[in-house]
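protein-v9.cif follows; it contains mmCIF, N, CA and C atoms.
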data_run
#
loop_
_atom_site.label_atom_id
_atom_site.label_comp_id
_atom_site.auth_asym_id
_atom_site.auth_seq_id
_atom_site.Cartn_x
_atom_site.Cartn_y
_atom_site.Cartn_z
N MET A 1 105.65 101.57 108.07
CA MET A 1 104.32 101.89 108.54
C MET A 1 103.51 100.62 108.51
N ARG A 2 102.83 100.35 109.56
CA ARG A 2 101.92 99.21 109.62
C ARG A 2 100.51 99.76 109.66
N GLY A 3 99.60 99.08 108.98
CA GLY A 3 98.27 99.67 108.89
C GLY A 3 97.18 98.65 108.86
N GLY A 4 96.17 98.97 108.15
CA GLY A 4 94.95 98.20 108.07
C GLY A 4 93.86 99.21 107.84
N ASN A 5 93.38 99.81 108.90
CA ASN A 5 92.39 100.87 108.80
C ASN A 5 93.04 102.20 109.12
N ALA A 6 93.91 102.66 108.24
CA ALA A 6 94.61 103.92 108.48
C ALA A 6 93.64 105.08 108.36
N MET A 7 93.80 106.05 109.23
CA MET A 7 92.92 107.21 109.24
C MET A 7 93.71 108.44 108.83
N GLY A 8 92.98 109.46 108.37
CA GLY A 8 93.60 110.74 108.06
C GLY A 8 94.66 110.63 106.99
N GLY A 9 95.80 111.30 107.22
CA GLY A 9 96.85 111.37 106.22
C GLY A 9 97.96 110.36 106.42
N THR A 10 97.66 109.22 107.00
CA THR A 10 98.68 108.22 107.29
C THR A 10 99.48 107.82 106.05
N PHE A 11 98.84 107.72 104.91
CA PHE A 11 99.50 107.27 103.70
C PHE A 11 100.10 108.42 102.88
N LYS A 12 99.74 109.65 103.15
CA LYS A 12 100.16 110.80 102.35
C LYS A 12 101.68 110.92 102.17
N PRO A 13 102.51 110.66 103.19
CA PRO A 13 103.97 110.79 102.98
C PRO A 13 104.54 109.85 101.92
N TRP A 14 103.80 108.80 101.56
CA TRP A 14 104.29 107.82 100.59
C TRP A 14 103.98 108.20 99.15
N ILE A 15 103.12 109.18 98.92
CA ILE A 15 102.72 109.56 97.56
C ILE A 15 103.94 109.96 96.74
N GLY A 16 104.04 109.36 95.53
CA GLY A 16 105.12 109.65 94.60
C GLY A 16 106.40 108.89 94.87
N ARG A 17 106.42 108.06 95.89
CA ARG A 17 107.64 107.33 96.26
C ARG A 17 107.55 105.87 95.84
N PRO A 18 108.70 105.26 95.51
CA PRO A 18 108.72 103.83 95.24
C PRO A 18 108.57 103.07 96.56
N VAL A 19 107.64 102.13 96.58
CA VAL A 19 107.32 101.41 97.81
C VAL A 19 107.18 99.91 97.57
N VAL A 20 107.21 99.17 98.65
CA VAL A 20 106.79 97.78 98.66
C VAL A 20 105.64 97.72 99.65
N MET A 21 104.47 97.31 99.17
CA MET A 21 103.28 97.19 100.01
C MET A 21 103.04 95.72 100.29
N GLN A 22 102.96 95.36 101.56
CA GLN A 22 102.63 93.99 101.92
C GLN A 22 101.13 93.93 102.18
N LEU A 23 100.47 93.01 101.44
CA LEU A 23 99.02 92.88 101.51
C LEU A 23 98.65 91.53 102.11
N GLY A 24 97.56 91.50 102.86
CA GLY A 24 97.02 90.27 103.38
C GLY A 24 95.76 89.92 102.61
N LEU A 25 95.81 88.81 101.91
CA LEU A 25 94.68 88.34 101.10
C LEU A 25 94.30 86.94 101.56
N GLY A 26 93.51 86.89 102.60
CA GLY A 26 93.18 85.58 103.18
C GLY A 26 94.42 84.97 103.80
N ARG A 27 94.77 83.76 103.37
CA ARG A 27 95.96 83.07 103.89
C ARG A 27 97.21 83.40 103.10
N ILE A 28 97.12 84.31 102.16
CA ILE A 28 98.25 84.68 101.32
C ILE A 28 98.73 86.08 101.69
N LYS A 29 100.04 86.23 101.79
CA LYS A 29 100.65 87.55 101.92
C LYS A 29 101.31 87.85 100.59
N LEU A 30 101.02 89.01 100.03
CA LEU A 30 101.52 89.39 98.72
C LEU A 30 102.22 90.73 98.85
N SER A 31 103.44 90.83 98.34
CA SER A 31 104.15 92.11 98.33
C SER A 31 104.09 92.69 96.93
N VAL A 32 103.65 93.93 96.84
CA VAL A 32 103.54 94.63 95.56
C VAL A 32 104.56 95.76 95.56
N ARG A 33 105.44 95.75 94.57
CA ARG A 33 106.46 96.78 94.42
C ARG A 33 106.02 97.73 93.33
N GLY A 34 106.04 99.03 93.64
CA GLY A 34 105.65 100.00 92.64
C GLY A 34 105.72 101.41 93.20
N THR A 35 105.06 102.33 92.52
CA THR A 35 105.03 103.73 92.93
C THR A 35 103.66 104.05 93.50
N PHE A 36 103.65 104.61 94.68
CA PHE A 36 102.41 105.00 95.36
C PHE A 36 101.92 106.28 94.69
N LEU A 37 100.71 106.26 94.13
CA LEU A 37 100.21 107.40 93.37
C LEU A 37 99.22 108.28 94.13
N GLU A 38 98.28 107.65 94.85
CA GLU A 38 97.20 108.44 95.42
C GLU A 38 96.56 107.75 96.63
N ASP A 39 96.22 108.56 97.63
CA ASP A 39 95.50 108.09 98.80
C ASP A 39 94.04 108.50 98.63
N ARG A 40 93.18 107.51 98.40
CA ARG A 40 91.75 107.77 98.23
C ARG A 40 91.02 107.42 99.51
N ASP A 41 89.71 107.63 99.54
CA ASP A 41 88.93 107.39 100.77
C ASP A 41 89.11 105.97 101.32
N GLU A 42 88.82 104.98 100.50
CA GLU A 42 88.84 103.58 100.94
C GLU A 42 89.97 102.77 100.32
N THR A 43 90.65 103.36 99.31
CA THR A 43 91.66 102.62 98.56
C THR A 43 92.93 103.44 98.38
N LEU A 44 93.97 102.74 97.92
CA LEU A 44 95.24 103.37 97.57
C LEU A 44 95.51 103.05 96.10
N LEU A 45 95.97 104.03 95.34
CA LEU A 45 96.28 103.82 93.93
C LEU A 45 97.79 103.63 93.81
N VAL A 46 98.18 102.50 93.22
CA VAL A 46 99.59 102.14 93.09
C VAL A 46 99.87 101.75 91.64
N ARG A 47 101.04 102.15 91.14
CA ARG A 47 101.48 101.74 89.80
C ARG A 47 102.57 100.69 89.99
N PRO A 48 102.24 99.41 89.82
CA PRO A 48 103.24 98.35 89.96
C PRO A 48 104.35 98.50 88.93
N GLU A 49 105.51 97.88 89.21
CA GLU A 49 106.63 97.94 88.26
C GLU A 49 106.23 97.35 86.91
N ALA A 50 105.34 96.38 86.91
CA ALA A 50 104.85 95.78 85.67
C ALA A 50 103.33 95.79 85.72
N GLY A 51 102.71 96.28 84.66
CA GLY A 51 101.25 96.25 84.60
C GLY A 51 100.62 97.62 84.77
N SER A 52 99.31 97.60 84.88
CA SER A 52 98.51 98.82 84.98
C SER A 52 98.35 99.24 86.44
N ASP A 53 97.94 100.50 86.63
CA ASP A 53 97.66 101.02 87.96
C ASP A 53 96.59 100.15 88.62
N VAL A 54 96.72 99.96 89.94
CA VAL A 54 95.75 99.16 90.69
C VAL A 54 95.29 99.93 91.92
N GLU A 55 94.01 99.72 92.27
CA GLU A 55 93.47 100.26 93.51
C GLU A 55 93.50 99.15 94.54
N ILE A 56 94.09 99.44 95.69
CA ILE A 56 94.23 98.46 96.74
C ILE A 56 93.39 98.91 97.95
N PRO A 57 92.48 98.08 98.42
CA PRO A 57 91.70 98.45 99.61
C PRO A 57 92.64 98.67 100.81
N LYS A 58 92.44 99.75 101.53
CA LYS A 58 93.29 100.06 102.69
C LYS A 58 93.24 98.94 103.73
N THR A 59 92.10 98.27 103.82
CA THR A 59 91.95 97.21 104.82
C THR A 59 92.84 96.00 104.54
N LYS A 60 93.39 95.89 103.33
CA LYS A 60 94.25 94.76 102.96
C LYS A 60 95.73 95.05 103.19
N VAL A 61 96.07 96.30 103.50
CA VAL A 61 97.47 96.71 103.67
C VAL A 61 97.97 96.30 105.05
N LEU A 62 99.02 95.48 105.06
CA LEU A 62 99.65 95.07 106.31
C LEU A 62 100.84 95.97 106.65
N ALA A 63 101.59 96.40 105.61
CA ALA A 63 102.76 97.24 105.83
C ALA A 63 103.14 97.93 104.53
N ILE A 64 103.82 99.07 104.68
CA ILE A 64 104.40 99.78 103.53
C ILE A 64 105.82 100.13 103.92
N GLU A 65 106.74 99.89 102.99
CA GLU A 65 108.12 100.29 103.24
C GLU A 65 108.74 100.84 101.96
N GLU A 66 109.81 101.57 102.13
CA GLU A 66 110.51 102.14 100.98
C GLU A 66 111.10 101.01 100.15
N ALA A 67 110.93 101.10 98.82
CA ALA A 67 111.47 100.07 97.93
C ALA A 67 112.97 100.25 97.79
N ARG A 68 113.71 99.17 97.89
CA ARG A 68 115.16 99.20 97.70
C ARG A 68 115.60 97.92 97.01
N GLY A 69 116.73 97.99 96.35
CA GLY A 69 117.43 96.82 95.83
C GLY A 69 116.64 95.87 94.96
N SER A 70 116.50 94.64 95.43
CA SER A 70 116.00 93.50 94.67
C SER A 70 114.64 93.75 94.02
N THR A 71 114.48 93.20 92.83
CA THR A 71 113.21 93.30 92.12
C THR A 71 112.56 91.94 91.89
N LYS A 72 113.01 90.91 92.61
CA LYS A 72 112.41 89.59 92.43
C LYS A 72 111.01 89.54 93.05
N PRO A 73 110.11 88.75 92.48
CA PRO A 73 108.74 88.65 93.00
C PRO A 73 108.74 88.15 94.44
N MET A 74 107.80 88.66 95.22
CA MET A 74 107.72 88.27 96.63
C MET A 74 106.30 87.83 96.96
N ILE A 75 106.04 86.52 96.88
CA ILE A 75 104.75 85.96 97.23
C ILE A 75 104.99 84.89 98.28
N THR A 76 104.25 84.97 99.38
CA THR A 76 104.40 83.99 100.45
C THR A 76 103.07 83.30 100.68
N PHE A 77 103.07 81.98 100.69
CA PHE A 77 101.88 81.21 101.00
C PHE A 77 102.00 80.72 102.43
N LEU A 78 100.99 80.99 103.23
CA LEU A 78 101.04 80.61 104.65
C LEU A 78 100.48 79.23 104.87
#

When written as structure tokens, how does the structure in this file appear?
Amino acid sequence: MRGGNAMGGTFKPWIGRPVVMQLGLGRIKLSVRGTFLEDRDETLLVRPEAGSDVEIPKTKVLAIEEARGSTKPMITFL
């Protein structure tokens, strides 16, 4: 799923599933691996594999995909 300003229930099918979310933060692309917990009005609640639950603004989401295999950190500097 590719997004940004997702409307309606676009994120609902991902709730409770392990995902990798690709985020755009300025010139940095950051992939967050964790469990998708909740679709809120302006944000998404995700529980990363390490650390506390985080709220991610929907406008920062570039893509979401099912988590598989590798658990190495994925940070790309453009």

Carefully work through the PyMOL selection byres (((chain A and resi 55 and name CA) around 9) and name CA) for this structure and note down the residues it includes, as a ChimeraX atom specification.
/A:43-47,53-54,56-57

Exactly which residues make up the result of the PyMOL selection byres ((chain A and resi 21-23) around 6.5) on this file, given as a VMD selection string?
chain A and resid 19 to 20 24 to 25 28 to 34 60 to 65

Residue with smallest distance to Arg68 (chain A) - pool A:Gly26, A:Gly51, A:Gly9, A:Pro18, counting only C-alpha atoms
A:Pro18

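A straight line drawn from atom N of Asp41 (chain A) to atom C of Arg27 (chain A) is 25.6 Å long.
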
Could you please determine the separation between CA of Thr10 (chain A) and CA of Glu66 (chain A) in Å, to one decimal place?
14.7 Å

For the atom pair CA of Phe11 (chain A) and CA of Pro48 (chain A), what is the interatomic distance in Å to one decimal place?
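Result for CA of Phe11 (chain A) versus CA of Pro48 (chain A): 16.8 Å, one decimal.
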
Distance criterion (all atoms listed in the file): nearest to Arg17 (chain A) out of A:Glu49, A:Phe36, A:Glu42, A:Lys58
A:Phe36

Would you give the centre and edge lengths, in Å to one decimal, of a box along x, y and z around the listed atoms of region 34-52 of chain A, with 3 Å added to each side, as AutoDock Vina command-line options?
--center_x 97.7 --center_y 102.2 --center_z 93.0 --size_x 23.8 --size_y 18.8 --size_z 22.7

Coordinate excerpt as a PDB file, in the first residue's frame: region 16-29 of chain A, N, CA and C atoms:
ATOM      1  N   GLY A  16      -3.082  -5.107  13.764  1.00  0.00           N
ATOM      2  CA  GLY A  16      -2.727  -6.373  14.389  1.00  0.00           C
ATOM      3  C   GLY A  16      -1.702  -7.185  13.621  1.00  0.00           C
ATOM      4  N   ARG A  17      -1.245  -6.685  12.489  1.00  0.00           N
ATOM      5  CA  ARG A  17      -0.300  -7.435  11.655  1.00  0.00           C
ATOM      6  C   ARG A  17       1.113  -6.877  11.780  1.00  0.00           C
ATOM      7  N   PRO A  18       2.120  -7.746  11.648  1.00  0.00           N
ATOM      8  CA  PRO A  18       3.503  -7.266  11.606  1.00  0.00           C
ATOM      9  C   PRO A  18       3.758  -6.583  10.268  1.00  0.00           C
ATOM     10  N   VAL A  19       4.297  -5.380  10.321  1.00  0.00           N
ATOM     11  CA  VAL A  19       4.492  -4.584   9.115  1.00  0.00           C
ATOM     12  C   VAL A  19       5.865  -3.928   9.088  1.00  0.00           C
ATOM     13  N   VAL A  20       6.228  -3.457   7.918  1.00  0.00           N
ATOM     14  CA  VAL A  20       7.353  -2.543   7.748  1.00  0.00           C
ATOM     15  C   VAL A  20       6.747  -1.293   7.133  1.00  0.00           C
ATOM     16  N   MET A  21       6.884  -0.170   7.839  1.00  0.00           N
ATOM     17  CA  MET A  21       6.359   1.111   7.358  1.00  0.00           C
ATOM     18  C   MET A  21       7.529   1.945   6.877  1.00  0.00           C
ATOM     19  N   GLN A  22       7.458   2.400   5.633  1.00  0.00           N
ATOM     20  CA  GLN A  22       8.485   3.294   5.119  1.00  0.00           C
ATOM     21  C   GLN A  22       7.988   4.723   5.293  1.00  0.00           C
ATOM     22  N   LEU A  23       8.810   5.527   5.986  1.00  0.00           N
ATOM     23  CA  LEU A  23       8.445   6.900   6.308  1.00  0.00           C
ATOM     24  C   LEU A  23       9.365   7.869   5.581  1.00  0.00           C
ATOM     25  N   GLY A  24       8.828   9.004   5.186  1.00  0.00           N
ATOM     26  CA  GLY A  24       9.614  10.073   4.603  1.00  0.00           C
ATOM     27  C   GLY A  24       9.744  11.193   5.615  1.00  0.00           C
ATOM     28  N   LEU A  25      10.971  11.441   6.041  1.00  0.00           N
ATOM     29  CA  LEU A  25      11.254  12.487   7.025  1.00  0.00           C
ATOM     30  C   LEU A  25      12.262  13.451   6.420  1.00  0.00           C
ATOM     31  N   GLY A  26      11.759  14.385   5.657  1.00  0.00           N
ATOM     32  CA  GLY A  26      12.663  15.299   4.950  1.00  0.00           C
ATOM     33  C   GLY A  26      13.436  14.533   3.899  1.00  0.00           C
ATOM     34  N   ARG A  27      14.764  14.593   3.966  1.00  0.00           N
ATOM     35  CA  ARG A  27      15.616  13.890   3.002  1.00  0.00           C
ATOM     36  C   ARG A  27      15.951  12.476   3.452  1.00  0.00           C
ATOM     37  N   ILE A  28      15.373  12.037   4.538  1.00  0.00           N
ATOM     38  CA  ILE A  28      15.643  10.705   5.078  1.00  0.00           C
ATOM     39  C   ILE A  28      14.429   9.813   4.873  1.00  0.00           C
ATOM     40  N   LYS A  29      14.688   8.584   4.434  1.00  0.00           N
ATOM     41  CA  LYS A  29      13.656   7.549   4.408  1.00  0.00           C
ATOM     42  C   LYS A  29      13.984   6.590   5.527  1.00  0.00           C
TER      43      LYS A  29
END
